[in-house]
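> Handing over upload_15.tsv, TSV, C-alpha atoms.
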```
chain	number	residue	atom	x	y	z
A	1331	MET	CA	0.66	-50.18	-62.35
A	1332	ASN	CA	-1.08	-52.86	-60.29
A	1333	GLN	CA	-4.20	-54.26	-62.02
A	1334	ALA	CA	-6.35	-53.83	-58.90
A	1335	LEU	CA	-5.27	-50.18	-58.71
A	1336	LYS	CA	-6.08	-49.70	-62.40
A	1337	LYS	CA	-9.61	-50.98	-61.74
A	1338	ILE	CA	-9.99	-48.53	-58.84
A	1339	LEU	CA	-8.88	-45.60	-61.01
A	1340	ILE	CA	-11.06	-46.56	-63.98
A	1341	LYS	CA	-14.12	-47.03	-61.78
A	1342	THR	CA	-13.45	-43.82	-59.84
A	1343	LYS	CA	-12.90	-41.70	-62.94
A	1344	LYS	CA	-16.06	-43.06	-64.56
A	1345	GLN	CA	-18.11	-42.38	-61.42
A	1346	VAL	CA	-16.84	-38.83	-60.95
A	1347	PHE	CA	-17.22	-37.69	-64.54
A	1348	SER	CA	-20.63	-39.32	-64.99
A	1349	GLU	CA	-22.15	-38.30	-61.64
A	1350	ILE	CA	-23.82	-34.89	-61.32
A	1351	ILE	CA	-21.52	-33.16	-58.85
A	1352	GLY	CA	-22.30	-29.48	-58.38
A	1353	ASN	CA	-19.95	-26.57	-58.07
A	1354	ASN	CA	-17.84	-25.89	-55.00
A	1355	SER	CA	-19.74	-26.11	-51.73
A	1356	THR	CA	-17.22	-24.22	-49.66
A	1357	LYS	CA	-17.88	-22.25	-46.50
A	1358	LEU	CA	-14.88	-20.02	-47.24
A	1359	LYS	CA	-15.91	-16.37	-47.54
A	1360	GLY	CA	-14.57	-13.89	-50.03
A	1361	GLU	CA	-15.40	-12.13	-53.29
A	1362	GLY	CA	-18.08	-13.91	-55.28
A	1363	TYR	CA	-21.70	-13.90	-56.36
A	1364	ASP	CA	-23.41	-16.29	-53.92
A	1365	PHE	CA	-24.76	-14.33	-50.97
A	1366	CYS	CA	-23.75	-15.70	-47.57
A	1367	GLU	CA	-24.82	-13.25	-44.85
A	1368	LEU	CA	-25.05	-9.66	-43.62
A	1369	LYS	CA	-22.71	-8.44	-40.92
A	1370	GLU	CA	-21.80	-5.17	-39.27
A	1371	TYR	CA	-19.15	-3.18	-41.12
A	1372	GLU	CA	-15.65	-3.41	-39.65
A	1373	TYR	CA	-12.82	-0.97	-40.31
A	1374	GLY	CA	-10.87	-1.90	-43.43
A	1375	GLU	CA	-13.66	-3.79	-45.21
A	1376	ASP	CA	-14.55	-2.92	-48.80
A	1377	VAL	CA	-17.18	-0.16	-48.75
A	1378	LYS	CA	-18.59	-1.33	-52.08
A	1379	ASN	CA	-20.15	-4.29	-50.19
A	1380	ILE	CA	-22.17	-2.03	-47.87
A	1381	ASP	CA	-25.91	-2.69	-48.09
A	1382	TRP	CA	-27.22	0.89	-47.91
A	1383	VAL	CA	-30.87	-0.10	-47.55
A	1384	ILE	CA	-30.24	-2.35	-44.54
A	1385	SER	CA	-27.73	0.13	-43.12
A	1386	ALA	CA	-30.36	2.90	-43.23
A	1387	LYS	CA	-32.93	0.70	-41.47
A	1388	MET	CA	-30.50	-0.45	-38.78
A	1389	GLN	CA	-28.89	2.99	-38.35
A	1390	LYS	CA	-25.44	1.44	-38.66
A	1391	PRO	CA	-23.43	0.17	-41.65
A	1392	TYR	CA	-23.89	-3.45	-42.72
A	1393	VAL	CA	-21.93	-5.26	-45.42
A	1394	LYS	CA	-22.87	-8.18	-47.63
A	1395	VAL	CA	-20.66	-11.26	-47.30
A	1396	PHE	CA	-20.38	-13.67	-50.24
A	1397	TYR	CA	-19.07	-17.19	-50.63
A	1398	ALA	CA	-15.70	-17.29	-52.40
A	1399	GLN	CA	-15.91	-18.03	-56.11
A	1400	LYS	CA	-12.21	-18.08	-56.83
A	1401	GLU	CA	-10.25	-21.31	-57.20
A	1402	LEU	CA	-10.36	-23.59	-54.21
A	1403	ASN	CA	-7.04	-24.82	-52.91
A	1404	VAL	CA	-7.73	-28.44	-52.01
A	1405	ASN	CA	-5.47	-30.54	-49.81
A	1406	ILE	CA	-6.06	-34.28	-49.48
A	1407	VAL	CA	-4.50	-35.62	-46.28
A	1408	CYS	CA	-4.49	-39.41	-45.94
A	1409	LEU	CA	-3.91	-40.74	-42.42
A	1410	LEU	CA	-2.11	-44.00	-43.20
A	1411	ASN	CA	-1.19	-46.06	-40.16
A	1412	GLY	CA	-1.09	-49.77	-39.42
A	1413	SER	CA	-4.79	-50.04	-38.61
A	1414	THR	CA	-5.71	-49.08	-42.19
A	1415	TYR	CA	-4.20	-52.43	-43.25
A	1416	PHE	CA	-7.45	-54.16	-42.34
A	1417	GLY	CA	-10.73	-55.06	-43.98
A	1418	THR	CA	-13.06	-58.05	-44.11
A	1419	ASP	CA	-13.59	-57.63	-47.86
A	1420	ILE	CA	-11.58	-54.56	-48.87
A	1421	PHE	CA	-8.71	-53.02	-46.93
A	1422	LYS	CA	-9.31	-49.56	-45.50
A	1423	GLN	CA	-6.13	-48.44	-47.24
A	1424	ASP	CA	-7.73	-49.35	-50.60
A	1425	ILE	CA	-10.87	-47.37	-49.72
A	1426	ILE	CA	-8.72	-44.38	-48.74
A	1427	THR	CA	-6.99	-44.65	-52.13
A	1428	HIS	CA	-10.39	-44.80	-53.85
A	1429	ILE	CA	-11.67	-41.74	-51.97
A	1430	ALA	CA	-8.50	-39.69	-52.48
A	1431	SER	CA	-8.61	-40.50	-56.22
A	1432	SER	CA	-12.27	-39.47	-56.35
A	1433	LEU	CA	-11.42	-36.14	-54.72
A	1434	GLY	CA	-8.56	-35.63	-57.16
A	1435	PHE	CA	-10.83	-36.26	-60.15
A	1436	ILE	CA	-13.52	-33.96	-58.66
A	1437	CYS	CA	-10.90	-31.19	-58.37
A	1438	ILE	CA	-9.94	-31.64	-62.02
A	1439	LYS	CA	-13.57	-31.67	-63.10
A	1440	GLN	CA	-14.19	-28.39	-61.24
A	1441	GLY	CA	-10.91	-26.77	-62.27
A	1442	ASN	CA	-9.41	-26.64	-58.78
A	1443	PRO	CA	-5.77	-27.42	-57.97
A	1444	PHE	CA	-5.09	-30.09	-55.35
A	1445	SER	CA	-2.16	-31.27	-53.27
A	1446	SER	CA	-1.92	-34.48	-51.29
A	1447	PHE	CA	-0.14	-35.64	-48.15
A	1448	ILE	CA	0.51	-38.90	-46.30
A	1449	ALA	CA	0.36	-38.48	-42.53
A	1450	ASN	CA	1.32	-40.77	-39.65
A	1451	GLU	CA	4.32	-40.08	-37.38
A	1452	ASN	CA	5.32	-37.42	-39.90
A	1453	LEU	CA	3.72	-35.42	-42.68
A	1454	GLU	CA	4.96	-36.34	-46.17
A	1455	VAL	CA	4.12	-34.54	-49.40
A	1456	CYS	CA	2.51	-37.11	-51.67
A	1457	THR	CA	1.86	-34.93	-54.74
A	1458	LYS	CA	2.42	-31.22	-55.24
A	1459	LYS	CA	-0.24	-28.69	-56.27
A	1460	SER	CA	-1.64	-29.58	-59.69
A	1461	LYS	CA	-4.73	-29.82	-61.91
A	1462	GLN	CA	-3.39	-32.74	-63.94
A	1463	ILE	CA	-4.84	-36.27	-64.16
A	1464	PHE	CA	-1.26	-37.55	-64.01
A	1465	ASN	CA	-1.07	-36.38	-60.39
A	1466	VAL	CA	-4.25	-38.27	-59.49
A	1467	ASN	CA	-2.71	-41.46	-60.89
A	1468	LEU	CA	0.59	-40.77	-59.11
A	1469	MET	CA	-1.17	-40.08	-55.80
A	1470	ALA	CA	-3.23	-43.27	-56.12
A	1471	ASP	CA	-0.12	-45.34	-56.85
A	1472	LEU	CA	1.75	-43.93	-53.85
A	1473	LEU	CA	-1.21	-44.42	-51.49
A	1474	TYR	CA	-2.04	-47.92	-52.69
A	1475	ASN	CA	1.53	-49.17	-52.37
A	1476	TYR	CA	2.45	-47.32	-49.18
A	1477	ASN	CA	3.75	-49.59	-46.42
A	1478	VAL	CA	1.55	-48.80	-43.42
A	1479	ILE	CA	2.76	-51.65	-41.18
A	1480	GLY	CA	4.35	-50.33	-38.00
A	1481	LYS	CA	3.08	-46.78	-38.55
A	1482	ASN	CA	1.15	-44.82	-35.90
A	1483	ILE	CA	-0.67	-41.49	-36.08
A	1484	ASP	CA	0.82	-38.56	-34.18
A	1485	TYR	CA	-2.16	-36.20	-34.41
A	1486	GLU	CA	-0.51	-33.42	-32.45
A	1487	LYS	CA	2.57	-33.34	-34.68
A	1488	ILE	CA	0.83	-33.64	-38.05
A	1489	THR	CA	-1.73	-30.95	-37.13
A	1490	LYS	CA	1.08	-28.51	-36.37
A	1491	GLU	CA	2.92	-29.48	-39.56
A	1492	LEU	CA	-0.22	-29.02	-41.66
A	1493	PHE	CA	-0.73	-25.58	-40.16
A	1494	LYS	CA	2.83	-24.63	-41.16
A	1495	ALA	CA	2.80	-26.35	-44.57
A	1496	ILE	CA	-0.50	-24.99	-45.95
A	1497	HIS	CA	-0.22	-21.22	-46.23
A	1498	GLN	CA	-3.24	-20.28	-48.36
A	1499	LYS	CA	-6.77	-20.64	-47.06
A	1500	SER	CA	-7.76	-24.11	-48.24
A	1501	LEU	CA	-10.26	-26.92	-48.16
A	1502	ILE	CA	-8.62	-29.83	-46.33
A	1503	PHE	CA	-9.90	-33.41	-46.47
A	1504	LEU	CA	-8.70	-35.59	-43.60
A	1505	ILE	CA	-9.16	-39.27	-44.49
A	1506	GLY	CA	-8.49	-42.01	-41.94
A	1507	ASP	CA	-10.06	-44.36	-39.41
A	1508	PHE	CA	-9.72	-41.90	-36.50
A	1509	PHE	CA	-9.06	-44.38	-33.71
A	1510	ASP	CA	-7.10	-43.36	-30.58
A	1511	ILE	CA	-7.89	-39.66	-30.98
A	1512	GLU	CA	-6.90	-38.52	-27.47
A	1513	LYS	CA	-4.47	-35.92	-28.87
A	1514	LEU	CA	-6.57	-34.86	-31.87
A	1515	ASP	CA	-7.09	-31.09	-31.75
A	1516	LEU	CA	-8.23	-29.33	-34.92
A	1517	LYS	CA	-9.31	-26.03	-33.33
A	1518	LEU	CA	-6.34	-24.03	-34.62
A	1519	LEU	CA	-6.34	-25.61	-38.09
A	1520	CYS	CA	-10.07	-25.04	-38.65
A	1521	GLN	CA	-9.69	-21.33	-37.85
A	1522	LYS	CA	-7.46	-20.97	-40.89
A	1523	HIS	CA	-9.01	-23.57	-43.23
A	1524	GLU	CA	-12.22	-25.39	-44.00
A	1525	ILE	CA	-11.94	-29.05	-43.01
A	1526	ILE	CA	-13.95	-32.11	-43.99
A	1527	ALA	CA	-13.27	-35.36	-42.12
A	1528	LEU	CA	-13.89	-38.71	-43.82
A	1529	ILE	CA	-13.95	-41.56	-41.30
A	1530	ILE	CA	-13.11	-44.93	-42.86
A	1531	ARG	CA	-14.18	-48.04	-40.97
A	1532	ASP	CA	-14.85	-51.74	-41.43
A	1533	LYS	CA	-18.08	-53.06	-39.91
A	1534	PHE	CA	-16.14	-55.78	-38.06
A	1535	GLU	CA	-14.14	-53.13	-36.19
A	1536	GLU	CA	-17.29	-51.74	-34.60
A	1537	ASN	CA	-19.23	-55.00	-34.22
A	1538	PRO	CA	-16.76	-57.90	-33.93
A	1539	LEU	CA	-17.95	-61.49	-33.73
A	1540	GLU	CA	-17.43	-63.72	-30.72
A	1541	LEU	CA	-14.68	-65.91	-32.18
A	1542	GLY	CA	-13.25	-67.40	-28.98
A	1543	ASN	CA	-9.46	-67.95	-28.83
A	1544	VAL	CA	-7.78	-66.05	-31.66
A	1545	SER	CA	-4.31	-64.90	-32.68
A	1546	PHE	CA	-3.87	-61.30	-33.79
A	1547	ILE	CA	-1.10	-59.33	-35.43
A	1548	ASP	CA	-1.15	-55.67	-34.41
A	1549	PRO	CA	-0.38	-53.79	-37.66
A	1550	ASN	CA	0.68	-50.72	-35.69
A	1551	ASN	CA	3.72	-52.55	-34.27
A	1552	ASN	CA	3.67	-55.83	-36.29
A	1553	LYS	CA	3.57	-57.93	-33.09
A	1554	MET	CA	1.48	-61.07	-32.58
A	1555	PHE	CA	-0.66	-61.60	-29.50
A	1556	GLU	CA	-3.29	-64.04	-28.28
A	1557	SER	CA	-6.75	-62.98	-27.13
A	1558	ILE	CA	-10.20	-64.32	-26.37
A	1559	LEU	CA	-13.10	-62.76	-28.23
A	1560	ASN	CA	-15.92	-63.76	-25.91
A	1561	LYS	CA	-19.09	-61.82	-25.11
A	1562	SER	CA	-17.45	-59.83	-22.29
A	1563	ALA	CA	-14.39	-58.86	-24.36
A	1564	VAL	CA	-16.51	-57.85	-27.36
A	1565	SER	CA	-18.80	-55.76	-25.13
A	1566	GLU	CA	-15.84	-53.95	-23.52
A	1567	TYR	CA	-14.24	-53.31	-26.91
A	1568	GLU	CA	-17.48	-51.94	-28.41
A	1569	LYS	CA	-17.83	-49.64	-25.41
A	1570	LYS	CA	-14.34	-48.18	-26.04
A	1571	VAL	CA	-15.11	-47.65	-29.74
A	1572	LEU	CA	-18.33	-45.81	-28.85
A	1573	GLU	CA	-16.46	-43.62	-26.35
A	1574	ASN	CA	-13.80	-42.83	-28.97
A	1575	ASP	CA	-16.42	-41.92	-31.58
A	1576	HIS	CA	-18.50	-39.85	-29.14
A	1577	LYS	CA	-15.43	-37.77	-28.31
A	1578	LEU	CA	-14.53	-37.53	-32.02
A	1579	TYR	CA	-18.00	-36.38	-33.10
A	1580	ASN	CA	-18.18	-33.80	-30.33
A	1581	HIS	CA	-14.81	-32.37	-31.29
A	1582	LEU	CA	-15.68	-32.17	-34.99
A	1583	GLN	CA	-19.02	-30.53	-34.26
A	1584	ASN	CA	-17.44	-28.02	-31.87
A	1585	CYS	CA	-15.00	-27.10	-34.65
A	1586	SER	CA	-17.85	-26.83	-37.22
A	1587	ILE	CA	-16.18	-29.56	-39.29
A	1588	ARG	CA	-18.34	-31.52	-41.70
A	1589	PHE	CA	-17.81	-35.27	-41.52
A	1590	THR	CA	-19.17	-38.59	-42.62
A	1591	LYS	CA	-18.37	-42.22	-41.95
A	1592	ILE	CA	-17.69	-44.54	-44.90
A	1593	TYR	CA	-17.57	-48.31	-44.43
A	1594	THR	CA	-15.47	-50.63	-46.57
A	1595	ASN	CA	-18.60	-52.31	-47.97
A	1596	GLU	CA	-20.16	-49.01	-49.12
A	1597	ASP	CA	-19.84	-47.03	-52.35
A	1598	PRO	CA	-17.63	-44.10	-51.25
A	1599	ILE	CA	-18.62	-41.78	-54.12
A	1600	LYS	CA	-22.24	-41.63	-52.90
A	1601	LYS	CA	-21.12	-40.69	-49.39
A	1602	LEU	CA	-18.75	-38.07	-50.85
A	1603	ILE	CA	-21.52	-36.43	-52.86
A	1604	GLY	CA	-23.62	-36.29	-49.69
A	1605	VAL	CA	-20.98	-34.50	-47.61
A	1606	LEU	CA	-19.95	-32.14	-50.43
A	1607	LYS	CA	-23.48	-30.80	-51.02
```
Written as structure tokens, that's how I'd like the structure from this file.


Amino acid sequence: MNQALKKILIKTKKQVFSEIIGNNSTKLKGEGYDFCELKEYEYGEDVKNIDWVISAKMQKPYVKVFYAQKELNVNIVCLLNGSTYFGTDIFKQDIITHIASSLGFICIKQGNPFSSFIANENLEVCTKKSKQIFNVNLMADLLYNYNVIGKNIDYEKITKELFKAIHQKSLIFLIGDFFDIEKLDLKLLCQKHEIIALIIRDKFEENPLELGNVSFIDPNNNKMFESILNKSAVSEYEKKVLENDHKLYNHLQNCSIRFTKIYTNEDPIKKLIGVLK
């Protein structure tokens, strides 16, 4: 195993098992002990959950709804395309590996099984459902060494494939940089599952410097091109990024999807704890 990857895994494991991370913070509803809400009784629901006091006051039957306390089925979906092969200090692909490993260790700590996927033009199974540390190490190795050059994200296709591939109600983590999200539509997927989106960015991508004449290699197609990073070009680029993110945030909020943005110069475990509370 690569020495840099070993350092990531050692640091991640130490952080997860030493940090105070509470029990599952899922919005999935089912049989459990943590009260969620009261709702009107619907035909077929378990009568043992009827709140007779409230029902008598309201003159109609109401049932108590609880948060699920059974095992969470966790699916870690890493969106690995060419643009993740970028970072001023640390590559986004490395941060995605760090975050996915953290989630794997959190699952093990809480006794939840997890599966992992790599998504771009297609959806690939990275590791199968497991509660073993071995699978965290295997997932990290596959993510860290995955060749992202020339890969693009087909959001429409992978969303449909995820819907077909994940049968049980699950908690899905989508981890990627979420650029070019014109065809991103999570409305159907979030009706069946709980989704948390983790947006990975480098500060330079959102606030590039005025570097003048520069040569670029587009990692999505591996082609070189010349450009001028002057004030006008930077301003136009920043405008497009803001438009992309405005559309992304609106879509996630409309789907009631929790999300956070993690930069390559930040400690991802702290951001994870924040979004999982």

> For Ser1460 of chain A, please output as a PyMOL selection string all residues within 7 Å (counting all atoms listed in the file; exclusion window: fewer than 6 positions along the same chain).

chain A and resi 1443-1445

> Counting all atoms listed in the file, figure out which residue out of A:Val1407, A:Lys1561, A:Leu1339, A:Lys1390 gets nearest to Ala1495 of chain A.

A:Val1407

> What is the distance between atom CA of Cys1437 of chain A and atom CA of Phe1493 of chain A, in Å to one decimal?

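We find that atom CA of Cys1437 of chain A and atom CA of Phe1493 of chain A lie 21.6 Å from each other.
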
> Between A:Glu1556, A:Glu1596, A:Asp1548, A:Glu1367, which residue has the minimum interatomic distance to Phe1416 of chain A, considering all atoms listed in the file?

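Checking each candidate against Phe1416 of chain A, we get A:Asp1548 as the closest.
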
> Show me a table, sorted first by chain and then by increasing residue number, of the residues of segment 1421-1467 of chain A having an atom at most 9 Å from segment 1504-1519 of chain A, each with its shortest atom pair and the distance in Å to one decimal, counting only C-alpha atoms and written as CSV.


```
residue,atom,partner,partner_atom,distance
A:Lys1422,CA,A:Asp1507,CA,8.0
A:Gln1423,CA,A:Gly1506,CA,8.7
A:Ile1426,CA,A:Ile1505,CA,6.7
A:Ile1429,CA,A:Ile1505,CA,8.3
A:Ala1430,CA,A:Ile1505,CA,8.0
```

> Mind writing the picked residues with C-alpha atoms as a PDB file, keeping the file's coordinate frame?


```pdb
ATOM      1  CA  LYS A1422      -9.310 -49.560 -45.500  1.00  0.00           C
ATOM      2  CA  GLN A1423      -6.130 -48.440 -47.240  1.00  0.00           C
ATOM      3  CA  ILE A1426      -8.720 -44.380 -48.740  1.00  0.00           C
ATOM      4  CA  ILE A1429     -11.670 -41.740 -51.970  1.00  0.00           C
ATOM      5  CA  ALA A1430      -8.500 -39.690 -52.480  1.00  0.00           C
TER       6      ALA A1430
END
```

> Give me the residues within 10 Å of Lys1369 of chain A as an mmCIF file with C-alpha atoms, keeping the file's coordinate frame, counting all atoms listed in the file and dropping any in the same chain fewer than 2 places off.


```
data_model
loop_
_atom_site.group_PDB
_atom_site.id
_atom_site.type_symbol
_atom_site.label_atom_id
_atom_site.label_comp_id
_atom_site.auth_asym_id
_atom_site.auth_seq_id
_atom_site.Cartn_x
_atom_site.Cartn_y
_atom_site.Cartn_z
ATOM 1 C CA CYS A 1366 -23.750 -15.700 -47.570
ATOM 2 C CA GLU A 1367 -24.820 -13.250 -44.850
ATOM 3 C CA TYR A 1371 -19.150 -3.180 -41.120
ATOM 4 C CA GLU A 1372 -15.650 -3.410 -39.650
ATOM 5 C CA ILE A 1380 -22.170 -2.030 -47.870
ATOM 6 C CA ASP A 1381 -25.910 -2.690 -48.090
ATOM 7 C CA PRO A 1391 -23.430 0.170 -41.650
ATOM 8 C CA TYR A 1392 -23.890 -3.450 -42.720
ATOM 9 C CA VAL A 1393 -21.930 -5.260 -45.420
ATOM 10 C CA LYS A 1394 -22.870 -8.180 -47.630
ATOM 11 C CA VAL A 1395 -20.660 -11.260 -47.300
#
```

> Can you work out which one of A:Ile1587, A:Ile1502, A:Val1605, A:Leu1335 has the shortest atom-to-atom distance to Asn1475 of chain A, counting all atoms listed in the file?

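Of the candidates, the smallest distance to Asn1475 of chain A is held by A:Leu1335.
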
> One decimal, in Å: what's the spacing between atom CA of Thr1427 of chain A and atom CA of Lys1600 of chain A?

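Atom CA of Lys1600 of chain A lies at a distance of 15.6 Å from atom CA of Thr1427 of chain A.
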
> Could you write out as AutoDock Vina command-line options the box around segment 1440-1455 of chain A (axis-aligned, all atoms listed in the file, 4 Å on each side), with centre and edge lengths in Å to one decimal?


```
--center_x -4.4 --center_y -33.7 --center_z -49.8 --size_x 27.5 --size_y 22.1 --size_z 32.9
```

> Excluding Val1478 of chain A and residues on its chain fewer than 5 positions from it, collect all residues at most 9 Å away from it, counting only C-alpha atoms, and give them as a list in words.

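Returned residues: Leu1410, Asn1411, Gly1412, Ser1413, Thr1414, Tyr1415, Gln1423, Asn1450, Pro1549 and Asn1550 of chain A.
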
> Which is closer to Asn1452 of chain A than all the others in A:Val1571, A:Ile1479, A:Leu1492, A:Ile1384, using all atoms listed in the file?

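Result for the nearest residue to Asn1452 of chain A: A:Leu1492.
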
> Quick one: distance from atom CA of Asn1405 of chain A to atom CA of Ser1446 of chain A in Å, one decimal?

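Interatomic distance, atom CA of Asn1405 of chain A to atom CA of Ser1446 of chain A: 5.5 Å.
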
> Check the smallest atom-to-atom distance from each of A:Lys1439, A:Lys1344, A:His1428, A:Lys1378 to Asp1597 of chain A using all atoms listed in the file, then report the winner.

A:His1428

> Skipping near chain neighbours, those fewer than 4 positions away, what residues fall within 8 Å of Asn1560 of chain A using only C-alpha atoms, listed as a ChimeraX atom specification?

/A:1540-1542,1564

> Which is closest to Val1346 of chain A among A:Ile1488, A:Ala1527, A:Lys1577, A:Leu1602, if we use all atoms listed in the file?

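Checking each of A:Ile1488, A:Ala1527, A:Lys1577, A:Leu1602 against Val1346 of chain A, counting all atoms listed in the file, the winner is A:Leu1602.
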
> Give me the residues within 10 Å of Glu1491 of chain A as JSON, numbers by chain, counting all atoms listed in the file and dropping any in the same chain fewer than 4 places off.

{"A": [1449, 1452, 1453, 1454, 1485, 1486, 1487, 1495, 1496]}
